[in-house]
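See below for protein.txt, which holds compact mmCIF, C-alpha atoms.
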# COMPACT_ATOMS: atom_id res chain seq x y z
CA MET L 186 85.57 97.50 98.53
CA TYR L 187 82.92 100.22 98.51
CA VAL L 188 80.80 98.53 101.15
CA SER L 189 83.83 98.07 103.41
CA PHE L 190 84.63 101.76 103.06
CA VAL L 191 81.12 102.75 104.11
CA TYR L 192 81.31 100.58 107.22
CA PHE L 193 84.78 101.89 107.92
CA GLN L 194 83.57 105.49 107.93
CA ALA L 195 80.63 104.63 110.16
CA SER L 196 82.75 102.95 112.81
CA SER L 197 84.00 104.79 115.89
CA PHE L 198 87.44 103.55 114.82
CA ALA L 199 87.09 105.12 111.34
CA THR L 200 89.78 107.45 110.13
CA GLY L 201 87.25 109.84 108.63
CA PRO L 202 88.07 112.77 110.96
CA ARG L 203 91.76 112.42 110.13
CA GLN L 204 91.05 112.20 106.42
CA ALA L 205 88.93 115.34 106.64
CA ASP L 206 91.82 117.42 107.97
CA GLY L 207 94.17 115.78 105.49
CA THR L 208 96.95 114.85 107.90
CA PHE L 209 98.55 111.47 107.29
CA TYR L 210 101.81 109.69 108.06
CA GLU L 211 104.08 107.89 105.63
CA PHE L 212 105.90 104.85 107.00
CA ARG L 213 109.11 104.11 105.11
CA THR L 214 111.21 100.99 105.66
CA TYR L 215 114.59 100.58 104.00
CA THR L 216 116.53 97.34 103.86
CA ILE L 217 120.24 98.11 103.84
CA LYS L 218 122.85 95.84 102.28
CA PRO L 219 124.68 93.68 104.84
CA ASN L 220 127.74 95.40 106.37
CA LYS L 221 126.61 98.77 105.00
CA MET L 222 124.47 99.98 107.91
CA LYS L 223 127.21 102.14 109.43
CA ASP L 224 127.91 103.79 106.09
CA PHE L 225 124.19 104.39 105.59
CA LEU L 226 123.67 105.93 109.03
CA ASP L 227 126.77 108.11 108.78
CA LEU L 228 125.63 109.44 105.42
CA THR L 229 122.07 110.02 106.59
CA SER L 230 123.19 111.76 109.78
CA LYS L 231 125.29 114.23 107.78
CA THR L 232 122.65 115.02 105.17
CA ILE L 233 119.20 114.47 106.72
CA HIS L 234 118.83 118.22 107.28
CA LEU L 235 118.51 118.56 103.52
CA ARG L 236 115.46 116.27 103.64
CA THR L 237 113.78 117.76 106.72
CA ALA L 238 113.99 121.19 105.08
CA HIS L 239 111.14 119.99 102.84
CA SER L 240 108.77 118.32 105.33
CA PRO L 241 108.74 117.25 109.00
CA MET L 242 110.14 113.94 110.18
CA VAL L 243 108.37 112.24 113.11
CA GLY L 244 111.06 109.68 113.92
CA TYR L 245 113.91 107.60 112.51
CA TRP L 246 114.97 104.24 113.93
CA THR L 247 117.11 101.18 113.30
CA LEU L 248 115.60 97.73 113.92
CA GLU L 249 117.31 95.83 116.72
CA PHE L 250 114.92 92.85 116.88
CA GLY L 251 112.33 91.70 114.39
CA GLU L 252 114.20 92.11 111.14
CA LEU L 253 117.85 93.04 110.65
CA ASN L 254 119.59 95.52 108.33
CA LYS L 255 116.55 97.78 108.30
CA VAL L 256 115.76 101.39 109.14
CA PHE L 257 112.24 102.70 109.75
CA HIS L 258 111.14 106.33 109.53
CA ILE L 259 107.88 108.27 109.71
CA TRP L 260 107.06 111.48 107.81
CA LYS L 261 104.08 113.76 108.37
CA TYR L 262 102.07 115.40 105.58
CA GLU L 263 99.06 117.68 105.69
CA SER L 264 97.70 116.52 102.32
CA PHE L 265 98.51 114.40 99.31
CA ALA L 266 99.09 117.61 97.37
CA GLN L 267 101.76 118.60 99.88
CA ARG L 268 103.46 115.21 99.59
CA ALA L 269 103.44 115.41 95.79
CA ALA L 270 104.96 118.87 95.95
CA VAL L 271 107.64 117.68 98.38
CA ARG L 272 108.53 114.71 96.20
CA THR L 273 108.82 116.97 93.17
CA ALA L 274 110.97 119.45 95.07
CA LEU L 275 113.29 116.67 96.23
CA THR L 276 113.93 115.53 92.68
CA LYS L 277 114.97 119.10 91.87
CA ASP L 278 117.04 119.62 95.02
CA GLN L 279 120.57 119.31 93.64
CA GLN L 280 122.22 119.08 97.05
CA TRP L 281 119.88 116.31 98.18
CA GLN L 282 120.39 114.35 94.98
CA GLU L 283 124.16 114.76 94.86
CA LYS L 284 125.04 114.59 98.56
CA TYR L 285 122.56 111.90 99.62
CA ILE L 286 120.65 110.01 96.93
CA SER L 287 123.63 109.28 94.69
CA HIS L 288 125.59 107.86 97.65
CA MET L 289 122.66 106.17 99.38
CA LEU L 290 121.29 104.10 96.50
CA PRO L 291 124.34 101.79 96.27
CA LEU L 292 123.84 100.94 99.97
CA LEU L 293 120.17 100.06 99.55
CA ASP L 294 118.56 96.68 98.89
CA LYS L 295 114.85 97.50 99.16
CA GLN L 296 112.36 100.28 99.94
CA GLU L 297 108.81 99.93 101.24
CA ASN L 298 106.22 102.54 102.18
CA GLU L 299 102.72 102.76 103.60
CA ILE L 300 100.29 105.64 104.03
CA THR L 301 98.63 105.63 107.44
CA TYR L 302 96.25 107.75 109.50
CA LEU L 303 96.14 108.11 113.24
CA VAL L 304 92.94 106.53 114.54
CA PRO L 305 90.47 109.20 115.76
CA TRP L 306 90.78 108.26 119.44
CA CYS L 307 94.56 108.67 119.45
CA GLU L 308 96.84 111.69 119.31
CA LEU L 309 100.50 111.46 118.40
CA GLY L 310 102.54 111.14 121.58
CA ASN L 311 106.09 112.13 122.40
CA SER L 312 108.98 110.81 124.45
CA GLU L 313 110.00 112.80 127.50
CA LYS L 314 113.40 111.14 127.65
CA ASP L 315 115.56 108.72 125.71
CA GLY L 316 114.33 105.16 125.45
CA ILE L 317 113.48 102.38 123.03
CA TYR L 318 110.44 101.86 120.85
CA GLU L 319 108.34 98.87 119.96
CA LEU L 320 106.40 98.77 116.71
CA VAL L 321 103.64 96.18 116.83
CA THR L 322 101.92 95.43 113.53
CA PHE L 323 98.55 93.69 113.63
CA GLN L 324 96.99 92.14 110.55
CA MET L 325 93.29 91.96 111.39
CA LYS L 326 90.55 89.90 109.77
CA PRO L 327 88.84 91.38 106.68
CA GLY L 328 85.86 93.62 107.33
CA GLY L 329 87.57 96.69 108.69
CA PRO L 330 87.18 98.48 112.00
CA ALA L 331 83.41 98.03 111.93
CA VAL L 332 84.15 94.38 112.74
CA TRP L 333 87.12 94.58 115.12
CA GLY L 334 87.56 98.26 115.99
CA GLN L 335 85.94 98.32 119.42
CA SER L 336 87.74 95.21 120.64
CA PHE L 337 91.07 96.48 119.38
CA LYS L 338 90.56 99.86 121.04
CA ALA L 339 89.70 98.17 124.35
CA ALA L 340 92.90 96.10 124.22
CA ILE L 341 95.05 99.18 123.55
CA LYS L 342 93.35 101.15 126.33
CA ALA L 343 93.97 98.27 128.74
CA HIS L 344 97.70 98.39 127.97
CA ILE L 345 97.74 102.17 128.45
CA ASN L 346 95.94 101.89 131.78
CA SER L 347 98.45 99.31 132.99
CA GLY L 348 101.07 102.06 133.05
CA TYR L 349 104.06 99.90 132.12
CA THR L 350 104.44 101.40 128.63
CA LYS L 351 103.67 104.66 126.87
CA LEU L 352 101.63 104.92 123.70
CA ILE L 353 103.07 107.05 120.90
CA GLY L 354 100.49 106.34 118.23
CA VAL L 355 97.98 103.95 116.69
CA PHE L 356 98.01 104.08 112.89
CA HIS L 357 95.59 102.50 110.43
CA THR L 358 96.91 101.70 106.95
CA GLU L 359 95.20 103.45 104.05
CA TYR L 360 97.65 102.46 101.29
CA GLY L 361 99.45 99.16 101.76
CA LEU L 362 97.98 95.97 103.21
CA LEU L 363 94.46 96.79 104.38
CA ASN L 364 93.06 95.80 107.78
CA ARG L 365 96.54 96.49 109.17
CA VAL L 366 97.14 98.51 112.34
CA HIS L 367 100.52 99.69 113.61
CA VAL L 368 100.95 100.54 117.30
CA LEU L 369 104.06 102.42 118.38
CA TRP L 370 105.04 102.18 122.06
CA TRP L 371 107.83 103.79 124.09
CA ASN L 372 109.70 102.12 126.96
CA GLU L 373 112.70 103.16 129.03
CA SER L 374 114.71 100.08 128.05
CA PRO L 375 114.31 96.55 126.70
CA ASP L 376 114.41 95.27 130.29
CA SER L 377 111.63 97.60 131.46
CA ARG L 378 109.57 96.47 128.50
CA ALA L 379 110.20 92.81 129.40
CA ALA L 380 109.18 93.44 133.01
CA GLY L 381 106.04 95.20 131.84
CA ARG L 382 105.08 92.37 129.55
CA HIS L 383 105.51 89.90 132.42
CA TYR L 384 103.18 92.04 134.50
CA ALA L 385 100.68 92.33 131.64
CA HIS L 386 100.46 88.56 131.22
CA GLU L 387 99.37 88.25 134.86
CA ASP L 388 96.85 91.13 134.84
CA PRO L 389 93.38 89.56 134.41
CA ARG L 390 91.85 92.79 133.03
CA LEU L 391 94.52 93.03 130.35
CA VAL L 392 94.33 89.34 129.52
CA ALA L 393 90.56 89.57 129.09
CA ALA L 394 90.80 92.60 126.79
CA VAL L 395 93.48 90.97 124.64
CA ARG L 396 91.59 87.68 124.47
CA GLU L 397 88.59 89.48 123.01
CA SER L 398 90.70 91.34 120.45
CA VAL L 399 92.69 88.33 119.21
CA ARG L 400 89.49 86.73 117.95
CA PHE L 401 89.89 89.10 114.99
CA LEU L 402 93.66 88.76 114.61
CA GLU L 403 95.32 87.03 111.68
CA SER L 404 98.96 87.78 112.47
CA GLN L 405 101.17 90.00 114.61
CA GLN L 406 104.75 91.19 114.24
CA ASN L 407 106.83 92.98 116.87
CA SER L 408 109.98 95.00 116.20
CA LEU L 409 112.29 96.67 118.70
CA LEU L 410 113.40 100.07 117.39
CA LEU L 411 116.40 102.14 118.47
CA PRO L 412 116.13 105.87 117.75
CA THR L 413 118.96 107.37 115.74
CA ALA L 414 120.84 110.41 116.99
CA PHE L 415 118.93 112.57 114.50
CA SER L 416 115.46 111.19 115.28
CA PRO L 417 112.97 113.74 116.74
CA LEU L 418 111.47 110.93 118.83
CA LYS L 419 114.22 109.83 121.23

Could you render the structure from this file as structure tokens?
Amino acid sequence: MYVSFVYFQASSFATGPRQADGTFYEFRTYTIKPNKMKDFLDLTSKTIHLRTAHSPMVGYWTLEFGELNKVFHIWKYESFAQRAAVRTALTKDQQWQEKYISHMLPLLDKQENEITYLVPWCELGNSEKDGIYELVTFQMKPGGPAVWGQSFKAAIKAHINSGYTKLIGVFHTEYGLLNRVHVLWWNESPDSRAAGRHYAHEDPRLVAAVRESVRFLESQQNSLLLPTAFSPLK
């Protein structure tokens, strides 16, 4: 593990610069009990302001394709000390506990979280208008970004240069499954995304970049995300 960390820091894809300034992003995925999604979203919509009073939310989505009965949200923290303080404050926030947590827990089947950093060559993007999001999760071969970082970066840049989709962020997992990278894209609609993918499959430059990157790929999962009414990213 130590050797991998050293290589990871030395790579141009290393998250060292992000770790130095402390900023990281927590990915939270909740599995909601069947037939309870509407109740969950109604409750969250009415009370989420109690949560965002403690720390900033990046986005909040429901999953349309990929896995069902799930919501996905991203929270930004400046340090682990800040996150610990926020979590402590939430346990003591009587309104949050009584108006949200006590009603939400009976609707919940499962919770998952990951701690991620933006890769150094990516800044967090924004959506200029309403649309849909695609979260693509890549499980790469062991060895870290020193092994596959440059190829992966080239593949992402090729998609950006194609112009059919907009990059929101590239996140590397620090706590969770290692050698995992999440890429969040924005598109105007599912149909515009489909048209863009058709174009991408016929673009020789994009195909070549992806072919090089997939040599290091173990698995890939795509999810179509719909932003909630209260999500900062629309």

Can you check which parts of range 202-274 of chain L lie within 9 Å of range 289-312 of chain L? Per residue, the shortest pair of atoms and distance in Å to one decimal, counting all atoms listed in the file, sorted by chain and number, as a Markdown table.
| residue | atom | partner | partner_atom | distance |
| --- | --- | --- | --- | --- |
| L:Pro202 | CA | L:Pro305 | CA | 6.4 |
| L:Arg203 | CA | L:Tyr302 | CA | 6.5 |
| L:Gln204 | CA | L:Tyr302 | CA | 7.5 |
| L:Thr208 | CA | L:Tyr302 | CA | 7.3 |
| L:Phe209 | CA | L:Tyr302 | CA | 4.9 |
| L:Tyr210 | CA | L:Thr301 | CA | 5.2 |
| L:Glu211 | CA | L:Ile300 | CA | 4.7 |
| L:Phe212 | CA | L:Glu299 | CA | 5.1 |
| L:Arg213 | CA | L:Asn298 | CA | 4.4 |
| L:Thr214 | CA | L:Glu297 | CA | 5.1 |
| L:Tyr215 | CA | L:Gln296 | CA | 4.6 |
| L:Thr216 | CA | L:Lys295 | CA | 5.0 |
| L:Ile217 | CA | L:Leu293 | CA | 4.7 |
| L:Lys218 | CA | L:Asp294 | CA | 5.5 |
| L:Pro219 | CA | L:Leu292 | CA | 8.8 |
| L:Lys221 | CA | L:Leu292 | CA | 6.1 |
| L:Met222 | CA | L:Leu292 | CA | 8.0 |
| L:Asp224 | CA | L:Leu292 | CA | 7.9 |
| L:Phe225 | CA | L:Leu292 | CA | 6.6 |
| L:Leu228 | CA | L:Met289 | CA | 7.5 |
| L:Thr229 | CA | L:Met289 | CA | 8.2 |

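The two atoms in question, CA of Gln279 in chain L and CA of Lys255 in chain L, are spaced 26.4 Å apart.
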
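Distances to Thr237 in chain L were evaluated for L:Met325, L:Val271, L:Ile353, L:Ala339 using only C-alpha atoms, and the minimum falls at L:Val271.
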
List every residue of range 354-419 of chain L that has an atom at most 10 Å from any atom of range 340-350 of chain L, and for each one report the closest atom pair and its distance in Å to one decimal, counting all atoms listed in the file, with rows sorted by chain and then by increasing residue number, as CSV.
residue,atom,partner,partner_atom,distance
L:Val355,CA,L:Ile341,CA,8.9
L:Val368,CA,L:Ile341,CA,8.7
L:Trp370,CA,L:Thr350,CA,6.6
L:Trp371,CA,L:Thr350,CA,6.1
L:Asn372,CA,L:Thr350,CA,5.6
L:Glu373,CA,L:Thr350,CA,8.5
L:Ser377,CA,L:Tyr349,CA,7.9
L:Arg378,CA,L:Thr350,CA,7.1
L:Ala379,CA,L:Tyr349,CA,9.8
L:Ala380,CA,L:Tyr349,CA,8.3
L:Gly381,CA,L:Tyr349,CA,5.1
L:Arg382,CA,L:Tyr349,CA,8.0
L:Tyr384,CA,L:Tyr349,CA,8.3
L:Ala385,CA,L:Ser347,CA,7.5
L:Asp388,CA,L:Ser347,CA,8.5
L:Arg390,CA,L:Ala343,CA,7.3
L:Leu391,CA,L:Ala343,CA,5.5
L:Val392,CA,L:Ala340,CA,8.7
L:Ala393,CA,L:Ala340,CA,8.5
L:Ala394,CA,L:Ala340,CA,4.8
L:Val395,CA,L:Ala340,CA,5.2
L:Arg396,CA,L:Ala340,CA,8.5
L:Glu397,CA,L:Ala340,CA,8.0
L:Ser398,CA,L:Ala340,CA,6.5
L:Val399,CA,L:Ala340,CA,9.2

Write to file, as a PDB file, keeping the file's coordinate frame, the residues of the selection just made, with C-alpha atoms.
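Saved to again-v5.pdb:
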ATOM      1  CA  VAL L 355      97.980 103.950 116.690  1.00  0.00           C
ATOM      2  CA  VAL L 368     100.950 100.540 117.300  1.00  0.00           C
ATOM      3  CA  TRP L 370     105.040 102.180 122.060  1.00  0.00           C
ATOM      4  CA  TRP L 371     107.830 103.790 124.090  1.00  0.00           C
ATOM      5  CA  ASN L 372     109.700 102.120 126.960  1.00  0.00           C
ATOM      6  CA  GLU L 373     112.700 103.160 129.030  1.00  0.00           C
ATOM      7  CA  SER L 377     111.630  97.600 131.460  1.00  0.00           C
ATOM      8  CA  ARG L 378     109.570  96.470 128.500  1.00  0.00           C
ATOM      9  CA  ALA L 379     110.200  92.810 129.400  1.00  0.00           C
ATOM     10  CA  ALA L 380     109.180  93.440 133.010  1.00  0.00           C
ATOM     11  CA  GLY L 381     106.040  95.200 131.840  1.00  0.00           C
ATOM     12  CA  ARG L 382     105.080  92.370 129.550  1.00  0.00           C
ATOM     13  CA  TYR L 384     103.180  92.040 134.500  1.00  0.00           C
ATOM     14  CA  ALA L 385     100.680  92.330 131.640  1.00  0.00           C
ATOM     15  CA  ASP L 388      96.850  91.130 134.840  1.00  0.00           C
ATOM     16  CA  ARG L 390      91.850  92.790 133.030  1.00  0.00           C
ATOM     17  CA  LEU L 391      94.520  93.030 130.350  1.00  0.00           C
ATOM     18  CA  VAL L 392      94.330  89.340 129.520  1.00  0.00           C
ATOM     19  CA  ALA L 393      90.560  89.570 129.090  1.00  0.00           C
ATOM     20  CA  ALA L 394      90.800  92.600 126.790  1.00  0.00           C
ATOM     21  CA  VAL L 395      93.480  90.970 124.640  1.00  0.00           C
ATOM     22  CA  ARG L 396      91.590  87.680 124.470  1.00  0.00           C
ATOM     23  CA  GLU L 397      88.590  89.480 123.010  1.00  0.00           C
ATOM     24  CA  SER L 398      90.700  91.340 120.450  1.00  0.00           C
ATOM     25  CA  VAL L 399      92.690  88.330 119.210  1.00  0.00           C
TER      26      VAL L 399
END

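Counting only C-alpha atoms and comparing L:His239, L:Leu418, L:Asp227, L:His357, the residue that lies closest to Arg272 in chain L is L:His239.
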
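The space separating CA of Leu226 in chain L from CA of His258 in chain L comes to 12.5 Å.
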
Enclose range 251-261 of chain L, meaning all of its atoms listed in the file, in a box aligned along x, y and z, pad it by 5 Å on each side, and list the centre and edge lengths in Å to one decimal, as JSON.
{"center_x": 111.8, "center_y": 102.7, "center_z": 111.1, "size_x": 25.5, "size_y": 32.1, "size_z": 16.6}

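Considering the residues L:Gly334, L:Gly251, L:Gly361, L:Pro375 and counting all atoms listed in the file, Gln406 in chain L has its shortest atom-to-atom contact with L:Gly251.
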
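Relative to CA of Arg365 in chain L, CA of Glu252 in chain L is found at 18.3 Å.
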
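Closest approach to His234 in chain L among L:Lys314, L:Arg400, L:Lys419, L:Lys284 is made by L:Lys284 (distances from all atoms listed in the file).
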
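Each of L:Ala269, L:Leu352, L:Leu410, L:Val332 was checked against Tyr245 in chain L using all atoms listed in the file; the smallest atom-to-atom distance is that of L:Leu410.
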
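Considering the residues L:Leu363, L:Ile233, L:Ala238, L:Leu253 and counting all atoms listed in the file, Ala414 in chain L has its shortest atom-to-atom contact with L:Ile233.
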